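**Student:** One file is attached below, upload30.tsv, containing TSV, C-alpha atoms.
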```
chain	number	residue	atom	x	y	z
C	293	MET	CA	26.80	-27.12	-15.30
C	294	SER	CA	25.71	-25.48	-18.54
C	295	VAL	CA	22.45	-26.37	-20.25
C	296	THR	CA	21.59	-26.12	-23.94
C	297	SER	CA	18.30	-27.12	-25.53
C	298	ASP	CA	19.49	-28.17	-29.02
C	299	GLU	CA	21.06	-31.47	-27.95
C	300	THR	CA	18.77	-32.43	-25.11
C	301	LEU	CA	15.16	-31.84	-26.13
C	302	PRO	CA	13.87	-34.46	-28.59
C	303	ALA	CA	10.46	-33.73	-30.05
C	304	LYS	CA	8.92	-36.91	-28.63
C	305	ARG	CA	9.02	-35.38	-25.14
C	306	ARG	CA	6.85	-32.43	-26.08
C	307	SER	CA	3.13	-32.24	-25.46
C	308	ARG	CA	1.24	-33.93	-28.28
C	309	GLY	CA	-0.36	-31.60	-30.79
C	310	THR	CA	0.97	-28.39	-29.26
C	311	GLY	CA	4.74	-28.70	-29.24
C	312	ARG	CA	4.64	-27.46	-25.65
C	313	VAL	CA	7.63	-28.18	-23.46
C	314	LEU	CA	6.75	-30.35	-20.46
C	315	ILE	CA	8.05	-30.35	-16.90
C	316	GLU	CA	9.55	-33.78	-17.65
C	317	ASP	CA	11.76	-32.16	-20.29
C	318	VAL	CA	13.12	-29.68	-17.76
C	319	ALA	CA	13.69	-32.44	-15.20
C	320	ARG	CA	15.56	-34.61	-17.72
C	321	ILE	CA	17.83	-31.80	-18.85
C	322	ALA	CA	18.56	-30.76	-15.27
C	323	ASN	CA	19.03	-34.41	-14.27
C	324	VAL	CA	16.59	-34.16	-11.39
C	325	SER	CA	13.15	-35.58	-10.68
C	326	THR	CA	9.95	-33.87	-11.81
C	327	GLN	CA	9.06	-33.53	-8.11
C	328	THR	CA	12.19	-31.44	-7.56
C	329	VAL	CA	11.34	-29.16	-10.48
C	330	SER	CA	7.80	-28.81	-9.18
C	331	ARG	CA	9.12	-27.99	-5.70
C	332	PHE	CA	11.44	-25.38	-7.22
C	333	PHE	CA	8.47	-23.55	-8.73
C	334	ARG	CA	6.34	-23.85	-5.58
C	335	ALA	CA	8.99	-22.91	-3.02
C	336	PRO	CA	12.47	-22.10	-4.37
C	337	SER	CA	13.89	-21.80	-0.85
C	338	LEU	CA	13.28	-25.54	-0.30
C	339	VAL	CA	15.60	-26.51	-3.17
C	340	ALA	CA	19.39	-26.46	-2.82
C	341	GLU	CA	20.96	-23.42	-4.48
C	342	ALA	CA	23.10	-25.45	-6.90
C	343	THR	CA	20.12	-27.57	-7.93
C	344	GLY	CA	17.98	-24.47	-8.34
C	345	ASN	CA	20.59	-22.92	-10.64
C	346	VAL	CA	20.62	-26.03	-12.85
C	347	ILE	CA	16.83	-26.08	-13.03
C	348	ARG	CA	16.80	-22.37	-13.84
C	349	GLU	CA	19.23	-22.94	-16.73
C	350	ALA	CA	17.06	-25.77	-18.05
C	351	VAL	CA	13.99	-23.55	-17.91
C	352	VAL	CA	15.77	-20.80	-19.84
C	353	ALA	CA	17.10	-23.25	-22.42
C	354	THR	CA	13.72	-24.83	-23.08
C	355	GLY	CA	11.49	-21.79	-22.64
C	356	TYR	CA	9.35	-23.80	-20.26
C	357	VAL	CA	6.44	-22.02	-18.55
C	358	PRO	CA	4.79	-23.90	-15.67
C	359	ASN	CA	1.07	-24.61	-15.87
C	360	LEU	CA	-0.03	-22.69	-12.82
C	361	ILE	CA	-3.68	-23.61	-13.24
C	362	ALA	CA	-2.93	-27.32	-13.24
C	363	GLY	CA	-0.60	-26.88	-10.30
C	364	SER	CA	-3.17	-25.00	-8.27
C	365	LEU	CA	-5.81	-27.64	-8.99
C	366	ALA	CA	-3.48	-30.38	-7.85
C	367	SER	CA	-2.27	-28.63	-4.70
C	368	ASN	CA	-5.31	-26.43	-4.00
C	369	ARG	CA	-2.83	-23.52	-3.96
C	370	SER	CA	-2.46	-20.83	-6.63
C	371	GLN	CA	0.73	-19.37	-5.09
C	372	VAL	CA	-0.83	-15.93	-5.71
C	373	VAL	CA	-1.75	-13.25	-3.18
C	374	ALA	CA	-3.93	-10.31	-4.26
C	375	ILE	CA	-3.63	-6.79	-2.85
C	376	LEU	CA	-6.22	-4.07	-3.29
C	377	VAL	CA	-5.10	-0.43	-3.20
C	378	PRO	CA	-7.31	2.64	-3.71
C	379	THR	CA	-5.05	4.17	-6.37
C	380	ILE	CA	-1.67	3.69	-8.01
C	381	ALA	CA	-1.36	7.45	-8.57
C	382	ASN	CA	-0.35	8.08	-4.95
C	383	PRO	CA	3.19	6.83	-4.21
C	384	VAL	CA	2.37	5.98	-0.58
C	385	HIS	CA	0.70	2.79	-1.83
C	386	ALA	CA	3.78	1.52	-3.69
C	387	ALA	CA	5.98	0.65	-0.70
C	388	PRO	CA	3.49	-1.75	0.97
C	389	VAL	CA	3.16	-3.64	-2.31
C	390	GLU	CA	6.96	-3.87	-2.58
C	391	GLY	CA	7.31	-5.03	1.03
C	392	LEU	CA	4.62	-7.65	0.53
C	393	ALA	CA	6.13	-8.93	-2.72
C	394	THR	CA	9.62	-9.17	-1.24
C	395	VAL	CA	8.45	-11.30	1.69
C	396	LEU	CA	6.32	-13.60	-0.44
C	397	ARG	CA	8.67	-14.03	-3.41
C	398	SER	CA	11.23	-16.16	-1.57
C	399	HIS	CA	8.44	-18.56	-0.65
C	400	GLY	CA	7.23	-18.97	-4.23
C	401	TYR	CA	4.28	-16.59	-4.10
C	402	GLN	CA	3.51	-13.79	-6.54
C	403	VAL	CA	1.44	-10.65	-6.03
C	404	LEU	CA	-1.61	-9.62	-8.03
C	405	LEU	CA	-2.49	-5.92	-7.80
C	406	GLY	CA	-5.93	-4.34	-8.10
C	407	SER	CA	-6.78	-0.62	-8.00
C	408	THR	CA	-10.25	0.22	-6.67
C	409	GLY	CA	-10.34	3.91	-7.58
C	410	TYR	CA	-11.80	4.64	-4.11
C	411	ASP	CA	-15.00	2.93	-5.23
C	412	ALA	CA	-16.64	0.29	-3.02
C	413	GLU	CA	-18.41	-1.48	-5.87
C	414	THR	CA	-15.21	-1.68	-7.90
C	415	GLU	CA	-13.53	-3.13	-4.84
C	416	GLN	CA	-16.30	-5.72	-4.54
C	417	ASP	CA	-15.96	-6.68	-8.22
C	418	LEU	CA	-12.19	-7.08	-7.82
C	419	ILE	CA	-12.64	-9.21	-4.72
C	420	ALA	CA	-15.04	-11.48	-6.63
C	421	THR	CA	-12.57	-11.73	-9.52
C	422	PHE	CA	-9.60	-12.52	-7.29
C	423	LEU	CA	-11.54	-15.09	-5.29
C	424	GLY	CA	-12.69	-16.64	-8.56
C	425	ARG	CA	-9.04	-16.96	-9.55
C	426	ARG	CA	-8.50	-18.81	-6.26
C	427	VAL	CA	-5.90	-16.51	-4.75
C	428	ASP	CA	-4.37	-17.94	-1.59
C	429	GLY	CA	-4.60	-14.72	0.41
C	430	LEU	CA	-5.96	-11.20	0.19
C	431	ILE	CA	-4.67	-7.80	1.34
C	432	ILE	CA	-7.24	-4.99	1.50
C	433	THR	CA	-6.45	-1.32	2.03
C	434	GLY	CA	-8.84	0.08	4.60
C	435	ILE	CA	-12.01	-1.05	6.35
C	436	SER	CA	-14.83	0.11	4.05
C	437	VAL	CA	-15.70	-3.30	2.58
C	438	LEU	CA	-19.29	-3.74	1.44
C	439	PRO	CA	-21.29	-6.40	3.36
C	440	ALA	CA	-21.68	-8.58	0.26
C	441	ALA	CA	-17.93	-8.48	-0.36
C	442	ARG	CA	-17.24	-9.41	3.25
C	443	ARG	CA	-19.55	-12.39	2.98
C	444	MET	CA	-17.70	-13.58	-0.14
C	445	ILE	CA	-14.36	-13.28	1.64
C	446	GLU	CA	-15.56	-15.14	4.73
C	447	ALA	CA	-17.07	-17.89	2.57
C	448	ALA	CA	-13.78	-18.31	0.70
C	449	GLY	CA	-12.00	-19.16	3.95
C	450	ILE	CA	-8.65	-17.66	2.94
C	451	PRO	CA	-6.44	-15.48	5.18
C	452	VAL	CA	-7.04	-11.74	4.84
C	453	VAL	CA	-5.08	-8.75	6.11
C	454	GLN	CA	-6.53	-5.23	6.17
C	455	ILE	CA	-3.86	-2.53	6.08
C	456	TRP	CA	-3.55	1.21	6.83
C	457	GLU	CA	-6.25	1.09	9.53
C	458	LEU	CA	-7.05	-0.67	12.81
C	459	PRO	CA	-10.62	-1.96	12.39
C	460	ASP	CA	-12.78	-2.59	15.46
C	461	ASP	CA	-14.16	-5.67	13.71
C	462	PRO	CA	-11.47	-6.99	11.32
C	463	ILE	CA	-12.39	-9.51	8.67
C	464	ASP	CA	-9.42	-11.59	9.79
C	465	MET	CA	-6.11	-9.79	10.51
C	466	ALA	CA	-4.94	-6.17	10.27
C	467	VAL	CA	-1.79	-4.04	10.21
C	468	GLY	CA	-2.26	-0.31	10.61
C	469	PHE	CA	-2.15	2.69	12.89
C	470	SER	CA	-4.50	5.29	14.31
C	471	ASN	CA	-5.28	7.79	11.57
C	472	PHE	CA	-7.33	9.66	14.18
C	473	GLU	CA	-4.22	10.17	16.34
C	474	THR	CA	-2.25	11.54	13.39
C	475	GLY	CA	-4.84	14.31	13.11
C	476	VAL	CA	-4.60	14.94	16.85
C	477	GLN	CA	-0.84	15.37	16.71
C	478	ILE	CA	-1.02	17.71	13.75
C	479	ALA	CA	-3.56	19.95	15.52
C	480	GLU	CA	-1.43	20.01	18.68
C	481	HIS	CA	1.70	20.84	16.71
C	482	LEU	CA	0.10	23.76	14.88
C	483	ALA	CA	-1.41	25.10	18.11
C	484	GLU	CA	1.93	24.89	19.93
C	485	ARG	CA	3.56	26.85	17.14
C	486	GLY	CA	1.03	29.65	17.23
C	487	TYR	CA	-1.21	28.81	14.28
C	488	ARG	CA	-4.85	29.71	14.86
C	489	ARG	CA	-6.54	29.82	11.45
C	490	THR	CA	-6.02	26.42	9.83
C	491	VAL	CA	-7.98	25.19	6.84
C	492	VAL	CA	-8.12	21.43	6.28
C	493	ILE	CA	-7.99	19.81	2.85
C	494	ALA	CA	-9.79	16.44	2.94
C	495	HIS	CA	-10.63	13.76	0.41
C	496	ALA	CA	-14.20	13.73	-0.88
C	497	ALA	CA	-14.36	9.93	-1.40
C	498	VAL	CA	-16.72	8.41	1.15
C	499	VAL	CA	-14.75	5.14	1.25
C	500	ASP	CA	-11.55	6.97	2.22
C	501	THR	CA	-12.15	6.42	5.91
C	502	ARG	CA	-8.45	7.04	6.58
C	503	SER	CA	-8.72	10.66	5.43
C	504	ALA	CA	-11.95	11.10	7.39
C	505	ALA	CA	-10.33	9.77	10.56
C	506	ARG	CA	-7.40	12.21	10.25
C	507	VAL	CA	-9.80	15.11	9.89
C	508	ALA	CA	-11.87	13.88	12.84
C	509	GLY	CA	-8.76	13.69	15.01
C	510	PHE	CA	-7.74	17.19	14.01
C	511	LYS	CA	-11.17	18.58	14.85
C	512	ALA	CA	-11.36	16.78	18.19
C	513	ALA	CA	-7.96	18.08	19.28
C	514	SER	CA	-8.78	21.62	18.13
C	515	ALA	CA	-11.99	21.60	20.19
C	516	ARG	CA	-10.14	20.29	23.24
C	517	LEU	CA	-7.55	23.08	22.85
C	518	GLY	CA	-10.29	25.71	22.62
C	519	LEU	CA	-9.51	26.59	19.00
C	520	ARG	CA	-12.02	27.44	16.34
C	521	GLU	CA	-13.44	24.60	14.24
C	522	ALA	CA	-11.27	24.48	11.14
C	523	PRO	CA	-13.07	24.86	7.82
C	524	VAL	CA	-12.75	21.80	5.57
C	525	ILE	CA	-12.60	21.77	1.80
C	526	LYS	CA	-12.88	18.46	-0.05
C	527	VAL	CA	-11.04	17.43	-3.21
C	528	ASP	CA	-11.86	14.65	-5.65
C	529	ARG	CA	-8.24	13.58	-6.12
C	530	THR	CA	-5.42	13.52	-3.60
C	531	THR	CA	-2.77	14.51	-6.14
C	532	SER	CA	-0.68	17.64	-6.71
C	533	VAL	CA	-2.21	18.67	-10.04
C	534	GLN	CA	-5.04	20.70	-8.49
C	535	GLY	CA	-2.74	22.98	-6.49
C	536	PHE	CA	-3.85	26.30	-8.03
C	537	ASP	CA	-7.56	25.50	-7.82
C	538	ILE	CA	-7.21	24.37	-4.22
C	539	LEU	CA	-5.26	27.50	-3.30
C	540	ASP	CA	-8.07	29.69	-4.65
C	541	ARG	CA	-10.63	27.73	-2.66
C	542	LEU	CA	-8.55	28.01	0.52
C	543	PHE	CA	-8.51	31.81	0.47
C	544	ASP	CA	-12.19	31.90	-0.48
C	545	VAL	CA	-12.93	29.97	2.70
C	546	ASP	CA	-10.67	32.10	4.89
C	547	SER	CA	-8.79	35.06	3.46
C	548	ARG	CA	-6.75	35.31	6.69
C	549	LEU	CA	-5.77	31.67	7.06
C	550	ASP	CA	-2.31	31.05	8.50
C	551	SER	CA	-1.93	27.29	8.00
C	552	ILE	CA	-3.05	24.29	5.98
C	553	PHE	CA	-3.40	20.64	6.89
C	554	ALA	CA	-3.68	18.41	3.80
C	555	VAL	CA	-4.54	14.74	4.26
C	556	SER	CA	-1.91	13.73	1.70
C	557	ASP	CA	1.59	14.97	0.88
C	558	GLN	CA	0.71	15.24	-2.80
C	559	VAL	CA	-2.06	17.75	-2.11
C	560	ALA	CA	0.16	19.69	0.29
C	561	ILE	CA	2.95	19.81	-2.28
C	562	GLY	CA	0.55	21.00	-4.98
C	563	VAL	CA	-0.55	23.89	-2.76
C	564	LEU	CA	3.05	24.67	-1.79
C	565	LEU	CA	4.13	24.92	-5.43
C	566	ALA	CA	1.08	27.03	-6.30
C	567	CYS	CA	1.92	29.44	-3.47
C	568	GLN	CA	5.47	29.82	-4.72
C	569	SER	CA	4.29	30.38	-8.28
C	570	ARG	CA	2.01	33.20	-7.10
C	571	GLY	CA	4.65	34.85	-4.95
C	572	ILE	CA	3.24	33.85	-1.58
C	573	ARG	CA	6.18	33.68	0.80
C	574	LEU	CA	6.63	30.31	2.48
C	575	PRO	CA	6.82	29.46	5.27
C	576	GLU	CA	6.52	33.04	6.58
C	577	THR	CA	2.96	33.57	5.33
C	578	LEU	CA	1.51	30.09	5.54
C	579	GLY	CA	2.35	26.92	7.48
C	580	ILE	CA	1.74	23.65	5.62
C	581	VAL	CA	1.42	20.08	6.95
C	582	GLY	CA	0.99	16.98	4.80
C	583	PHE	CA	0.67	13.26	5.37
C	584	GLY	CA	2.73	10.32	4.08
C	585	ASP	CA	6.33	11.59	3.94
C	586	ILE	CA	6.87	10.72	0.28
C	587	GLU	CA	10.47	11.10	-0.87
C	588	ILE	CA	10.17	14.58	-2.35
C	589	ALA	CA	8.77	15.99	0.92
C	590	ALA	CA	12.28	16.33	2.32
C	591	GLN	CA	13.64	17.87	-0.91
C	592	LEU	CA	11.27	20.83	-1.20
C	593	THR	CA	11.91	24.43	-0.18
C	594	PRO	CA	10.65	24.68	2.48
C	595	THR	CA	10.88	21.03	3.48
C	596	LEU	CA	7.47	19.63	4.36
C	597	THR	CA	6.23	18.84	7.86
C	598	THR	CA	4.35	15.56	7.59
C	599	VAL	CA	3.47	12.19	9.10
C	600	ARG	CA	5.69	9.22	8.33
C	601	ILE	CA	4.46	5.65	8.17
C	602	ASN	CA	6.86	2.75	7.69
C	603	ARG	CA	4.99	1.76	4.58
C	604	TYR	CA	7.41	-0.93	3.46
C	605	ARG	CA	7.21	-2.62	6.86
C	606	LEU	CA	3.41	-2.41	6.61
C	607	GLY	CA	3.56	-4.68	3.56
C	608	GLU	CA	6.22	-6.93	5.09
C	609	LEU	CA	4.14	-7.57	8.21
C	610	ALA	CA	1.06	-8.34	6.14
C	611	GLY	CA	3.08	-10.84	4.10
C	612	GLU	CA	4.56	-12.46	7.20
C	613	MET	CA	1.08	-12.90	8.67
C	614	LEU	CA	-0.15	-14.58	5.50
C	615	LEU	CA	2.85	-16.91	5.35
C	616	ARG	CA	2.25	-18.11	8.89
C	617	ARG	CA	-1.35	-18.89	8.03
C	618	PHE	CA	-0.31	-20.66	4.80
C	619	GLN	CA	1.99	-22.83	6.93
C	620	GLY	CA	-0.83	-23.68	9.32
C	621	LEU	CA	0.71	-21.63	12.13
C	622	GLU	CA	-1.09	-19.34	14.54
C	623	VAL	CA	-0.69	-15.57	14.25
C	624	SER	CA	-0.22	-14.54	17.88
C	625	GLU	CA	-1.05	-10.89	17.26
C	626	PRO	CA	-3.70	-10.70	14.51
C	627	VAL	CA	-4.08	-6.90	14.78
C	628	VAL	CA	-0.80	-4.96	14.78
C	629	ASP	CA	-0.44	-1.23	15.43
C	630	ILE	CA	2.64	-0.19	13.47
C	631	GLY	CA	2.52	3.38	14.79
C	632	PHE	CA	3.67	6.56	13.04
C	633	ASP	CA	6.23	9.35	13.34
C	634	PHE	CA	5.47	13.05	13.21
C	635	VAL	CA	8.22	14.70	11.17
C	636	VAL	CA	8.64	18.42	11.85
C	637	ARG	CA	10.36	20.32	9.06
C	638	ASP	CA	10.68	23.88	7.77
C	639	SER	CA	7.13	24.33	6.47
C	640	THR	CA	5.75	24.98	9.99
C	641	PRO	CA	8.08	27.46	11.76
C	642	ASN	CA	7.23	28.63	15.26
C	643	ARG	CA	5.15	31.80	14.82
C	644	GLN	CA	5.41	32.61	18.52
C	645	MET	CA	9.15	33.22	18.22
C	646	ARG	CA	8.82	35.95	15.58
```
For this file, produce the structure as structure tokens.

**Tutor:**
Amino acid sequence: MSVTSDETLPAKRRSRGTGRVLIEDVARIANVSTQTVSRFFRAPSLVAEATGNVIREAVVATGYVPNLIAGSLASNRSQVVAILVPTIANPVHAAPVEGLATVLRSHGYQVLLGSTGYDAETEQDLIATFLGRRVDGLIITGISVLPAARRMIEAAGIPVVQIWELPDDPIDMAVGFSNFETGVQIAEHLAERGYRRTVVIAHAAVVDTRSAARVAGFKAASARLGLREAPVIKVDRTTSVQGFDILDRLFDVDSRLDSIFAVSDQVAIGVLLACQSRGIRLPETLGIVGFGDIEIAAQLTPTLTTVRINRYRLGELAGEMLLRRFQGLEVSEPVVDIGFDFVVRDSTPNRQMR
């Protein structure tokens, strides 16, 4: 069935005074009830494919845009889920958003994204804004939520999933992994391969509890193995653009360092590129470990040893949890440990075999 607007949309069916196309116009052109059109916008999967195609053609022909505010007032549902990430500059935060959006989209939900800039007060302001817009669910990266923000969330009574960490006292639900254990494995790996003078590059942001936990795990494992306490330098941004400055600071801290652990791949890559630009031979002179396994990590020379998280699945699981709660179903496992993989590549050769 083909739909055209010229022959099927008389002016008398438009909203008085505005010329706005109404849902009744779409229903009439598609030859379905207004309830079916409304259901199509709320939950496309509940409408037969052929019917959905006809409605879609009618929408395109008329230029109709549903009144989401009116719909949310009538149903007490906005069909919107908000997700808070600390930054959009780090690619590790893109995949969870994509996984979340993919799961929710087929059920008629859209995703609203907020970037906190690693600032707790900005996060609180965004939470207040999203709750004021009556989002149906909320995804929060991390556990460092201010008490006032937590009270707002609990008062709103909507389902919440915290991601990237495993909180001892979750607001509601959580999907994450042990950042502490990632630091432990990195320390053990470097020790097994003969590295003894590691310098750690951490994030200066207080609210980045994930970075702090990785560093804590590294230090704890180093102490248990009888190694020296690794010096730590802190950076304001976990991106690659500060590579040269960071490299200078590393050798100021320890002129004889033999390895680096950076709490993000981007920082590790920035240092790696700075080393190559200055003629420092890699990996012979310096072992480098990152975190995140972003796509370029496996394309570098040397390829980067790092920690891999199934970031897409992180977002999928969070979305699936929310959907169950939206449907009034119980979430049998409200806190899920998604685990991680330690990926050994060329940037940390075995020094003991030289």

**Student:** Between C:Ser330, C:Thr598, C:Thr640, C:Asn323, which is the closest to Glu349 (chain C) once you count only C-alpha atoms?

**Tutor:**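 Closest to Glu349 (chain C), using only C-alpha atoms: C:Asn323.
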
**Student:** May I ask which of the residues C:Ile478, C:Ile538, C:Tyr410, C:Ile455 is the closest one to Val498 (chain C), counting only C-alpha atoms?

**Tutor:** C:Tyr410

**Student:** State, in Å with one decimal place, the distance from CA of Arg348 (chain C) to CA of His399 (chain C).

**Tutor:**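 CA of His399 (chain C) lies 16.1 Å from CA of Arg348 (chain C).
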
**Student:** Residues at most 10 Å from Ile432 (chain C), counting all atoms listed in the file, excluding those fewer than 3 positions away in the same chain, as JSON, numbers by chain?

**Tutor:** {"C": [374, 375, 376, 377, 378, 406, 415, 419, 435, 436, 437, 452, 453, 454, 455, 456, 463, 466]}

**Student:** Take the residues that were just selected and, keeping C-alpha atoms, output them as a short mmCIF file (atom, residue, chain, number, x, y, z; two decimals), in the frame of the given file.

**Tutor:**
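Here's the written file selection-v1.cif:
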```cif
data_model
loop_
_atom_site.label_atom_id
_atom_site.label_comp_id
_atom_site.auth_asym_id
_atom_site.auth_seq_id
_atom_site.Cartn_x
_atom_site.Cartn_y
_atom_site.Cartn_z
CA ALA C 374 -3.93 -10.31 -4.26
CA ILE C 375 -3.63 -6.79 -2.85
CA LEU C 376 -6.22 -4.07 -3.29
CA VAL C 377 -5.10 -0.43 -3.20
CA PRO C 378 -7.31 2.64 -3.71
CA GLY C 406 -5.93 -4.34 -8.10
CA GLU C 415 -13.53 -3.13 -4.84
CA ILE C 419 -12.64 -9.21 -4.72
CA ILE C 435 -12.01 -1.05 6.35
CA SER C 436 -14.83 0.11 4.05
CA VAL C 437 -15.70 -3.30 2.58
CA VAL C 452 -7.04 -11.74 4.84
CA VAL C 453 -5.08 -8.75 6.11
CA GLN C 454 -6.53 -5.23 6.17
CA ILE C 455 -3.86 -2.53 6.08
CA TRP C 456 -3.55 1.21 6.83
CA ILE C 463 -12.39 -9.51 8.67
CA ALA C 466 -4.94 -6.17 10.27
#
```

**Student:** So, with all atoms listed in the file as the atoms that count, which of C:Val372, C:Val533, C:Ala590, C:Leu564 lies closest to Arg334 (chain C)?

**Tutor:**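 Using all atoms listed in the file, Arg334 (chain C) sits closest to C:Val372.
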
**Student:** Rounded to one decimal, what separation in Å do you get between CA of Val324 (chain C) and CA of Ser337 (chain C)?

**Tutor:**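 Separating CA of Val324 (chain C) from CA of Ser337 (chain C) is a distance of 16.5 Å.
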
**Student:** Can you list, as a list in words, every protein, DNA or RNA residue that comes within 10 Å of Gln558 (chain C) when you count all atoms listed in the file, leaving out same-chain residues fewer than 6 positions away?

**Tutor:**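 Final neighbour list, sorted by chain and number: Ala381, Asn382, Pro383, Val384, Arg529, Thr530, Thr531, Ser532, Val533, Gln534, Gly535, Leu564, Gly582, Phe583, Gly584, Asp585, Ile586, Ile588 and Ala589 of chain C.
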
**Student:** Excluding Glu576 (chain C) and residues on its chain fewer than 2 positions from it, collect all residues at most 9 Å away from it, counting only C-alpha atoms, and give them as a VMD selection string.

**Tutor:** chain C and resid 572 to 574 578 to 579 639 to 641 643

**Student:** Given all atoms listed in the file as the basis, pick out the residue of C:Val636, C:Ile450, C:Ala508, C:Leu404 nearest to Asn471 (chain C).

**Tutor:**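 Of the candidates, the smallest distance to Asn471 (chain C) is held by C:Ala508.
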
**Student:** CA of Phe618 (chain C) to CA of Ala420 (chain C): how many Å, to one decimal?

**Tutor:**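 Separating CA of Phe618 (chain C) from CA of Ala420 (chain C) is a distance of 20.8 Å.
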
**Student:** Could you name the residues that touch Asp537 (chain C) at 12 Å or less, counting all atoms listed in the file, but leaving out those on the same chain fewer than 3 positions away, as an MDAnalysis selection string?

**Tutor:** chainID C and resid 525:528 532:534 540:544 559 562:563 565:567

**Student:** Taking all atoms of region 340-352 of chain C that the file lists and extending 3 Å past them on each side, where is the centre of the axis-aligned box and how long are its edges? Answer in Å to one decimal, as lines of an AutoDock Vina configuration file.

**Tutor:**
```
center_x = 18.5
center_y = -24.2
center_z = -11.3
size_x = 15.1
size_y = 12.8
size_z = 23.0
```

**Student:** Which is closest to Gly391 (chain C) among C:Glu413, C:Glu622, C:Asp633, C:Glu608, if we use only C-alpha atoms?

**Tutor:**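 Going through C:Glu413, C:Glu622, C:Asp633, C:Glu608 one by one, the smallest distance to Gly391 (chain C) is for C:Glu608.
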
**Student:** List the neighbours of Gly509 (chain C) out to 9 Å using all atoms listed in the file; skip same-chain residues closer than 5 positions along the sequence, and give me the result as a list in words.

**Tutor:** Asn471, Phe472, Glu473, Thr474, Gly475, Val476, Gln477, Ile478, Ala479, Ala504 and Ser514 of chain C

**Student:** Could you tell me which of C:Arg425, C:Arg506, C:Arg442, C:His481 comes closest to Ile493 (chain C) if we count only C-alpha atoms?

**Tutor:**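 Using only C-alpha atoms, the shortest distance to Ile493 (chain C) belongs to C:Arg506.
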